[in-house]
Amino acid sequence: MQYNESEFLIETVVPEDELIISRTDLQGIITYANETFCEISGYEEDELIGKSHNIVRHPDMPSAAFADLWDKMKNKKQWIGIVKNLRKDKGYYWVKAIISGVYKNGELVEYKSLRTPISYEEKLQHQKLYDKMRQENGEKIRKVIYE
């Protein structure tokens, strides 16, 4: 998929009073998306349900962040982290994500994710951190040139 770099410069700010909620099956396929998730991501509910949660994975996110997430899930721990997500229109939004397993009778049945807004300072800090992580891991990093 080819993107125009300018498309990645349009941010949607998550309102302070909003909570983004989704659930996935054990393979990461979305089974539930609340109205706020749909609104902020730019997708209709039927465009999200049945799709991999990677549909909102922004290319700026380092693979190491998701490796850590899955390591925590395999060890029945909660993962808390800052995530830059990709909107349907190729814009983006930043959130603090809290992801955990959902267990019934001691058996893992699904994953739930709660996401809240973060401050501008946290966005800057994590963008720089993620750029550094991607560079150190040999992953592509975006370059924005101002003239």
# chains A, B, ... in the order shown; residues from 1 in each chain; ligands from 1
>>> closest_atom_pairs(of="segment 30-83 of chain A", to="segment 100-107 of chain A", cutoff="9 Å", atoms="only C-alpha atoms", output="JSON lines")
{"residue": "A:Lys72", "atom": "CA", "partner": "A:Ser100", "partner_atom": "CA", "distance": 8.6}
{"residue": "A:Met73", "atom": "CA", "partner": "A:Gly101", "partner_atom": "CA", "distance": 6.7}
{"residue": "A:Lys76", "atom": "CA", "partner": "A:Gly101", "partner_atom": "CA", "distance": 6.8}
{"residue": "A:Lys77", "atom": "CA", "partner": "A:Ser100", "partner_atom": "CA", "distance": 6.7}
{"residue": "A:Gln78", "atom": "CA", "partner": "A:Ser100", "partner_atom": "CA", "distance": 4.6}
{"residue": "A:Trp79", "atom": "CA", "partner": "A:Ser100", "partner_atom": "CA", "distance": 6.4}
{"residue": "A:Ile80", "atom": "CA", "partner": "A:Ser100", "partner_atom": "CA", "distance": 8.9}
>>> write_last_selection(atoms="N, CA and C atoms", output="compact mmCIF listing (two decimals), in the first residue's frame")
# COMPACT_ATOMS: atom_id res chain seq x y z
N LYS A 72 3.37 -10.11 27.38
CA LYS A 72 2.54 -9.91 28.58
C LYS A 72 1.27 -10.75 28.50
N MET A 73 0.63 -10.79 27.33
CA MET A 73 -0.61 -11.55 27.20
C MET A 73 -0.35 -13.05 27.43
N LYS A 76 -0.23 -13.92 31.04
CA LYS A 76 -1.45 -13.56 31.77
C LYS A 76 -1.30 -12.26 32.55
N LYS A 77 -0.57 -11.31 31.97
CA LYS A 77 -0.39 -10.01 32.59
C LYS A 77 -1.10 -8.94 31.77
N GLN A 78 -1.33 -7.82 32.40
CA GLN A 78 -1.92 -6.67 31.73
C GLN A 78 -0.81 -5.88 31.04
N TRP A 79 -1.09 -5.34 29.85
CA TRP A 79 -0.12 -4.49 29.15
C TRP A 79 -0.65 -3.07 29.16
N ILE A 80 0.19 -2.12 29.55
CA ILE A 80 -0.16 -0.71 29.52
C ILE A 80 0.91 -0.01 28.70
>>> closest_residue(among="A:Ala33, A:Leu124, A:Val83, A:Met133", to="Ile20 of chain A", atoms="only C-alpha atoms")
A:Ala33
>>> select_by_dssp(residues="segment 38-140 of chain A", states="strand (DSSP E or B)", output="PyMOL selection string")
chain A and resi 52+57+79-86+92-104+107-116
>>> write_last_selection(atoms="N, CA and C atoms", output="mmCIF file, in the first residue's frame")
data_model
loop_
_atom_site.group_PDB
_atom_site.id
_atom_site.type_symbol
_atom_site.label_atom_id
_atom_site.label_comp_id
_atom_site.auth_asym_id
_atom_site.auth_seq_id
_atom_site.Cartn_x
_atom_site.Cartn_y
_atom_site.Cartn_z
ATOM 1 N N SER A 52 -8.736 -7.826 11.671
ATOM 2 C CA SER A 52 -7.629 -7.847 12.624
ATOM 3 C C SER A 52 -7.501 -6.469 13.262
ATOM 4 N N ARG A 57 -3.143 -0.257 13.113
ATOM 5 C CA ARG A 57 -1.719 -0.185 13.479
ATOM 6 C C ARG A 57 -1.017 0.856 12.608
ATOM 7 N N TRP A 79 -1.093 -5.341 29.855
ATOM 8 C CA TRP A 79 -0.119 -4.490 29.155
ATOM 9 C C TRP A 79 -0.650 -3.069 29.157
ATOM 10 N N ILE A 80 0.190 -2.123 29.549
ATOM 11 C CA ILE A 80 -0.164 -0.709 29.519
ATOM 12 C C ILE A 80 0.907 -0.008 28.696
ATOM 13 N N GLY A 81 0.476 0.724 27.696
ATOM 14 C CA GLY A 81 1.435 1.416 26.851
ATOM 15 C C GLY A 81 0.797 2.535 26.049
ATOM 16 N N ILE A 82 1.654 3.336 25.457
ATOM 17 C CA ILE A 82 1.214 4.441 24.604
ATOM 18 C C ILE A 82 1.249 3.954 23.162
ATOM 19 N N VAL A 83 0.157 4.187 22.444
ATOM 20 C CA VAL A 83 0.025 3.680 21.082
ATOM 21 C C VAL A 83 -0.406 4.795 20.137
ATOM 22 N N LYS A 84 0.245 4.830 18.984
ATOM 23 C CA LYS A 84 -0.168 5.699 17.888
ATOM 24 C C LYS A 84 -0.940 4.820 16.920
ATOM 25 N N ASN A 85 -2.193 5.149 16.686
ATOM 26 C CA ASN A 85 -3.042 4.351 15.811
ATOM 27 C C ASN A 85 -3.315 5.065 14.500
ATOM 28 N N LEU A 86 -3.605 4.279 13.486
ATOM 29 C CA LEU A 86 -3.884 4.755 12.140
ATOM 30 C C LEU A 86 -5.385 4.828 11.918
ATOM 31 N N TYR A 92 -4.049 9.961 12.146
ATOM 32 C CA TYR A 92 -3.641 9.180 13.310
ATOM 33 C C TYR A 92 -4.246 9.734 14.585
ATOM 34 N N TYR A 93 -4.144 8.938 15.653
ATOM 35 C CA TYR A 93 -4.542 9.371 16.994
ATOM 36 C C TYR A 93 -3.702 8.603 18.007
ATOM 37 N N TRP A 94 -3.394 9.282 19.112
ATOM 38 C CA TRP A 94 -2.578 8.714 20.187
ATOM 39 C C TRP A 94 -3.468 8.339 21.361
ATOM 40 N N VAL A 95 -3.138 7.218 22.015
ATOM 41 C CA VAL A 95 -3.884 6.789 23.198
ATOM 42 C C VAL A 95 -2.974 6.074 24.184
ATOM 43 N N LYS A 96 -3.428 6.044 25.418
ATOM 44 C CA LYS A 96 -2.849 5.143 26.418
ATOM 45 C C LYS A 96 -3.735 3.908 26.368
ATOM 46 N N ALA A 97 -3.127 2.749 26.133
ATOM 47 C CA ALA A 97 -3.893 1.506 26.015
ATOM 48 C C ALA A 97 -3.643 0.614 27.229
ATOM 49 N N ILE A 98 -4.718 0.016 27.702
ATOM 50 C CA ILE A 98 -4.650 -0.985 28.758
ATOM 51 C C ILE A 98 -5.295 -2.235 28.174
ATOM 52 N N ILE A 99 -4.475 -3.266 27.971
ATOM 53 C CA ILE A 99 -4.948 -4.479 27.318
ATOM 54 C C ILE A 99 -4.764 -5.657 28.263
ATOM 55 N N SER A 100 -5.800 -6.474 28.346
ATOM 56 C CA SER A 100 -5.721 -7.642 29.228
ATOM 57 C C SER A 100 -6.574 -8.772 28.676
ATOM 58 N N GLY A 101 -6.305 -9.950 29.188
ATOM 59 C CA GLY A 101 -7.093 -11.113 28.811
ATOM 60 C C GLY A 101 -8.399 -11.144 29.578
ATOM 61 N N VAL A 102 -9.394 -11.778 28.986
ATOM 62 C CA VAL A 102 -10.676 -12.005 29.641
ATOM 63 C C VAL A 102 -10.781 -13.511 29.860
ATOM 64 N N TYR A 103 -10.994 -13.888 31.098
ATOM 65 C CA TYR A 103 -10.997 -15.304 31.467
ATOM 66 C C TYR A 103 -12.381 -15.722 31.946
ATOM 67 N N LYS A 104 -12.799 -16.913 31.538
ATOM 68 C CA LYS A 104 -14.035 -17.516 32.031
ATOM 69 C C LYS A 104 -13.680 -18.902 32.539
ATOM 70 N N GLU A 107 -10.172 -19.949 31.969
ATOM 71 C CA GLU A 107 -9.708 -20.117 30.585
ATOM 72 C C GLU A 107 -9.763 -18.786 29.838
ATOM 73 N N LEU A 108 -8.677 -18.461 29.134
ATOM 74 C CA LEU A 108 -8.611 -17.249 28.327
ATOM 75 C C LEU A 108 -9.587 -17.370 27.163
ATOM 76 N N VAL A 109 -10.515 -16.409 27.040
ATOM 77 C CA VAL A 109 -11.518 -16.478 25.970
ATOM 78 C C VAL A 109 -11.429 -15.321 24.986
ATOM 79 N N GLU A 110 -10.878 -14.179 25.429
ATOM 80 C CA GLU A 110 -10.743 -13.020 24.542
ATOM 81 C C GLU A 110 -9.839 -11.991 25.187
ATOM 82 N N TYR A 111 -9.581 -10.910 24.438
ATOM 83 C CA TYR A 111 -8.797 -9.783 24.947
ATOM 84 C C TYR A 111 -9.669 -8.543 24.930
ATOM 85 N N LYS A 112 -9.443 -7.678 25.916
ATOM 86 C CA LYS A 112 -10.155 -6.391 25.934
ATOM 87 C C LYS A 112 -9.117 -5.272 25.966
ATOM 88 N N SER A 113 -9.473 -4.164 25.346
ATOM 89 C CA SER A 113 -8.589 -3.012 25.289
ATOM 90 C C SER A 113 -9.380 -1.755 25.630
ATOM 91 N N LEU A 114 -8.856 -1.009 26.600
ATOM 92 C CA LEU A 114 -9.428 0.272 26.989
ATOM 93 C C LEU A 114 -8.392 1.332 26.640
ATOM 94 N N ARG A 115 -8.806 2.388 25.936
ATOM 95 C CA ARG A 115 -7.857 3.410 25.516
ATOM 96 C C ARG A 115 -8.369 4.795 25.886
ATOM 97 N N THR A 116 -7.439 5.596 26.398
ATOM 98 C CA THR A 116 -7.752 6.945 26.852
ATOM 99 C C THR A 116 -6.783 7.941 26.213
#
>>> residues_around(residues="Ser63 of chain A", least_positions_apart="3", cutoff="9 Å", atoms="only C-alpha atoms", output="MDAnalysis selection string")
chainID A and resid 66:68 133:134 137 139
>>> write_last_selection(atoms="C-alpha atoms", output="PDB file, in the first residue's frame")
ATOM      1  CA  PHE A  66       3.774  -5.336  20.089  1.00  0.00           C
ATOM      2  CA  ALA A  67       6.262  -8.076  20.946  1.00  0.00           C
ATOM      3  CA  ASP A  68       6.144  -6.800  24.546  1.00  0.00           C
ATOM      4  CA  MET A 133      13.345   2.123  18.612  1.00  0.00           C
ATOM      5  CA  ARG A 134      12.444   1.611  14.947  1.00  0.00           C
ATOM      6  CA  ASN A 137      15.737  -2.337  15.098  1.00  0.00           C
ATOM      7  CA  GLU A 139      12.710  -0.704  10.787  1.00  0.00           C
TER       8      GLU A 139
END
>>> select_by_dssp(residues="chain A", states="helix (DSSP H, G or I)", output="MDAnalysis selection string")
chainID A and resid 5:9 35:41 45:48 53:56 63:74 120:136
>>> closest_residue(among="A:Pro117, A:Pro15, A:Gly42, A:Gly50", to="Gly28 of chain A", atoms="only C-alpha atoms")
A:Gly50
>>> closest_residue(among="A:Glu16, A:Gly91, A:Asp25, A:Glu11", to="Ile118 of chain A", atoms="only C-alpha atoms")
A:Glu16
>>> closest_residue(among="A:Asn34, A:Ser41, A:Pro62, A:Tyr130", to="Val14 of chain A", atoms="only C-alpha atoms")
A:Ser41
>>> decode(residues="segment 85-141 of chain A", atoms="C-alpha atoms", output="mmCIF file, in the first residue's frame")
data_model
loop_
_atom_site.group_PDB
_atom_site.id
_atom_site.type_symbol
_atom_site.label_atom_id
_atom_site.label_comp_id
_atom_site.auth_asym_id
_atom_site.auth_seq_id
_atom_site.Cartn_x
_atom_site.Cartn_y
_atom_site.Cartn_z
ATOM 1 C CA ASN A 85 -3.042 4.351 15.811
ATOM 2 C CA LEU A 86 -3.884 4.755 12.140
ATOM 3 C CA ARG A 87 -7.266 6.122 11.085
ATOM 4 C CA LYS A 88 -9.150 4.939 8.015
ATOM 5 C CA ASP A 89 -8.305 8.245 6.283
ATOM 6 C CA LYS A 90 -4.580 7.644 7.056
ATOM 7 C CA GLY A 91 -4.554 10.270 9.795
ATOM 8 C CA TYR A 92 -3.641 9.180 13.310
ATOM 9 C CA TYR A 93 -4.542 9.371 16.994
ATOM 10 C CA TRP A 94 -2.578 8.714 20.187
ATOM 11 C CA VAL A 95 -3.884 6.789 23.198
ATOM 12 C CA LYS A 96 -2.849 5.143 26.418
ATOM 13 C CA ALA A 97 -3.893 1.506 26.015
ATOM 14 C CA ILE A 98 -4.650 -0.985 28.758
ATOM 15 C CA ILE A 99 -4.948 -4.479 27.318
ATOM 16 C CA SER A 100 -5.721 -7.642 29.228
ATOM 17 C CA GLY A 101 -7.093 -11.113 28.811
ATOM 18 C CA VAL A 102 -10.676 -12.005 29.641
ATOM 19 C CA TYR A 103 -10.997 -15.304 31.467
ATOM 20 C CA LYS A 104 -14.035 -17.516 32.031
ATOM 21 C CA ASN A 105 -13.661 -20.418 34.451
ATOM 22 C CA GLY A 106 -9.899 -19.844 34.379
ATOM 23 C CA GLU A 107 -9.708 -20.117 30.585
ATOM 24 C CA LEU A 108 -8.611 -17.249 28.327
ATOM 25 C CA VAL A 109 -11.518 -16.478 25.970
ATOM 26 C CA GLU A 110 -10.743 -13.020 24.542
ATOM 27 C CA TYR A 111 -8.797 -9.783 24.947
ATOM 28 C CA LYS A 112 -10.155 -6.391 25.934
ATOM 29 C CA SER A 113 -8.589 -3.012 25.289
ATOM 30 C CA LEU A 114 -9.428 0.272 26.989
ATOM 31 C CA ARG A 115 -7.857 3.410 25.516
ATOM 32 C CA THR A 116 -7.752 6.945 26.852
ATOM 33 C CA PRO A 117 -6.247 10.244 25.621
ATOM 34 C CA ILE A 118 -2.708 11.369 26.443
ATOM 35 C CA SER A 119 -1.060 14.783 26.703
ATOM 36 C CA TYR A 120 0.765 16.577 23.915
ATOM 37 C CA GLU A 121 4.039 16.145 25.825
ATOM 38 C CA GLU A 122 3.505 12.368 26.028
ATOM 39 C CA LYS A 123 2.861 12.259 22.278
ATOM 40 C CA LEU A 124 6.124 14.064 21.531
ATOM 41 C CA GLN A 125 8.084 11.911 23.962
ATOM 42 C CA HIS A 126 6.734 8.669 22.529
ATOM 43 C CA GLN A 127 7.107 9.723 18.892
ATOM 44 C CA LYS A 128 10.809 10.356 19.531
ATOM 45 C CA LEU A 129 11.138 7.105 21.495
ATOM 46 C CA TYR A 130 9.380 5.052 18.817
ATOM 47 C CA ASP A 131 11.452 6.617 16.027
ATOM 48 C CA LYS A 132 14.600 5.668 17.960
ATOM 49 C CA MET A 133 13.345 2.123 18.612
ATOM 50 C CA ARG A 134 12.444 1.611 14.947
ATOM 51 C CA GLN A 135 15.829 2.922 13.823
ATOM 52 C CA GLU A 136 17.704 0.700 16.305
ATOM 53 C CA ASN A 137 15.737 -2.337 15.098
ATOM 54 C CA GLY A 138 16.348 -1.590 11.416
ATOM 55 C CA GLU A 139 12.710 -0.704 10.787
ATOM 56 C CA LYS A 140 11.769 2.109 8.435
ATOM 57 C CA ILE A 141 11.286 5.524 9.985
#
